[in-house]
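These notes are about the structure you will find just below.
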Amino acid sequence: MTRSAREILIRPLMTEKSMRQKDDENTVTFQVLPDANKVEIRNAVESVFNVKVAEVRTANFEGKLKRMGRHQGRRPSWKKAIVRLAPGHTIELVEGA
């Protein structure tokens, strides 16, 4: 079962911290499929954005418990990938910012 690169990369994460890391350390942060591994993430970023990846770090986040009155539910668990690009390569995620 092979997945396309666009299936693995769900969305870019644009927080203050990730934007600062983008400027200082040449890294880009993505929300990815929870069962994607580092090799799949590296290949997906390289194929979609046509850049060279130097390093991939991942972190799993467990969904938080939330209550609505007396009913209790859980937000979905998700995975974050921090991708460091090779020197000289960049990804422009926000136009005009």
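Residues in the structure tokens are numbered from 1 in each chain, the chains being A, B, ... in the order shown, and ligands are numbered from 1 in the order shown.
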
Residues within 6 Å of stretch 13-29 of chain A, please, as a PyMOL selection string. Count only C-alpha atoms; anything in the same chain fewer than 2 positions from it doesn't count.
chain A and resi 81-85

Atoms to include: C-alpha atoms. Write the selected residues as a compact mmCIF listing (two decimals), in the first residue's frame.
```
# COMPACT_ATOMS: atom_id res chain seq x y z
CA ALA A 81 7.05 16.68 11.63
CA ILE A 82 9.81 19.28 11.83
CA VAL A 83 11.76 19.19 8.57
CA ARG A 84 15.17 20.88 8.30
CA LEU A 85 16.06 21.81 4.74
```

Report as a ChimeraX atom specification: the residues of stretch 26-55 of chain A with a DSSP assignment of helix (DSSP H, G or I), based on the backbone of this structure.
/A:38-49

Using N, CA and C atoms, can you write the selected residues to a file as a PDB file, in the first residue's frame?
```pdb
ATOM      1  N   LYS A  38       9.656   8.639   9.120  1.00  0.00           N
ATOM      2  CA  LYS A  38      10.526   9.740   8.715  1.00  0.00           C
ATOM      3  C   LYS A  38      10.941   9.646   7.253  1.00  0.00           C
ATOM      4  N   VAL A  39      11.131   8.445   6.753  1.00  0.00           N
ATOM      5  CA  VAL A  39      11.533   8.269   5.354  1.00  0.00           C
ATOM      6  C   VAL A  39      10.402   8.711   4.426  1.00  0.00           C
ATOM      7  N   GLU A  40       9.164   8.335   4.746  1.00  0.00           N
ATOM      8  CA  GLU A  40       8.017   8.749   3.937  1.00  0.00           C
ATOM      9  C   GLU A  40       7.844  10.261   3.969  1.00  0.00           C
ATOM     10  N   ILE A  41       8.036  10.866   5.139  1.00  0.00           N
ATOM     11  CA  ILE A  41       7.896  12.320   5.257  1.00  0.00           C
ATOM     12  C   ILE A  41       8.963  13.020   4.434  1.00  0.00           C
ATOM     13  N   ARG A  42      10.213  12.543   4.514  1.00  0.00           N
ATOM     14  CA  ARG A  42      11.314  13.128   3.736  1.00  0.00           C
ATOM     15  C   ARG A  42      11.014  13.062   2.236  1.00  0.00           C
ATOM     16  N   ASN A  43      10.601  11.895   1.755  1.00  0.00           N
ATOM     17  CA  ASN A  43      10.304  11.737   0.329  1.00  0.00           C
ATOM     18  C   ASN A  43       9.123  12.603  -0.097  1.00  0.00           C
ATOM     19  N   ALA A  44       8.114  12.742   0.764  1.00  0.00           N
ATOM     20  CA  ALA A  44       6.946  13.556   0.429  1.00  0.00           C
ATOM     21  C   ALA A  44       7.322  15.026   0.295  1.00  0.00           C
ATOM     22  N   VAL A  45       8.105  15.553   1.238  1.00  0.00           N
ATOM     23  CA  VAL A  45       8.502  16.965   1.183  1.00  0.00           C
ATOM     24  C   VAL A  45       9.389  17.215  -0.030  1.00  0.00           C
ATOM     25  N   GLU A  46      10.325  16.304  -0.292  1.00  0.00           N
ATOM     26  CA  GLU A  46      11.220  16.492  -1.437  1.00  0.00           C
ATOM     27  C   GLU A  46      10.467  16.455  -2.759  1.00  0.00           C
ATOM     28  N   SER A  47       9.455  15.605  -2.875  1.00  0.00           N
ATOM     29  CA  SER A  47       8.729  15.514  -4.142  1.00  0.00           C
ATOM     30  C   SER A  47       7.727  16.650  -4.328  1.00  0.00           C
ATOM     31  N   VAL A  48       7.040  17.063  -3.266  1.00  0.00           N
ATOM     32  CA  VAL A  48       6.020  18.106  -3.398  1.00  0.00           C
ATOM     33  C   VAL A  48       6.651  19.485  -3.597  1.00  0.00           C
ATOM     34  N   PHE A  49       7.695  19.800  -2.827  1.00  0.00           N
ATOM     35  CA  PHE A  49       8.263  21.150  -2.855  1.00  0.00           C
ATOM     36  C   PHE A  49       9.561  21.245  -3.648  1.00  0.00           C
TER      37      PHE A  49
END
```

Would you kindly return, as a ChimeraX atom specification, each protein, DNA or RNA residue with an atom no farther than 9 Å from any atom of A:Arg74, considering only C-alpha atoms and excluding same-chain residues fewer than 6 positions away?
/A:63-67

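The closest residue to A:Arg11, picked from A:Arg57, A:Lys79, A:Arg70, A:His89 and counting only C-alpha atoms, is A:Lys79.
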
Please measure the separation of atom CA of A:Glu62 and atom CA of A:Trp78, giving the value in Å to one decimal.
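So the two atoms, atom CA of A:Glu62 and atom CA of A:Trp78, lie 6.7 Å apart.
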
DSSP strand (DSSP E) residues within chain A, listed as JSON, numbers by chain
{"A": [9, 10, 11, 12, 27, 28, 29, 30, 31, 32, 53, 54, 55, 56, 57, 58, 59, 60, 61, 65, 66, 67, 68, 71, 72, 73, 74, 78, 79, 80, 81, 82, 83, 84, 85]}
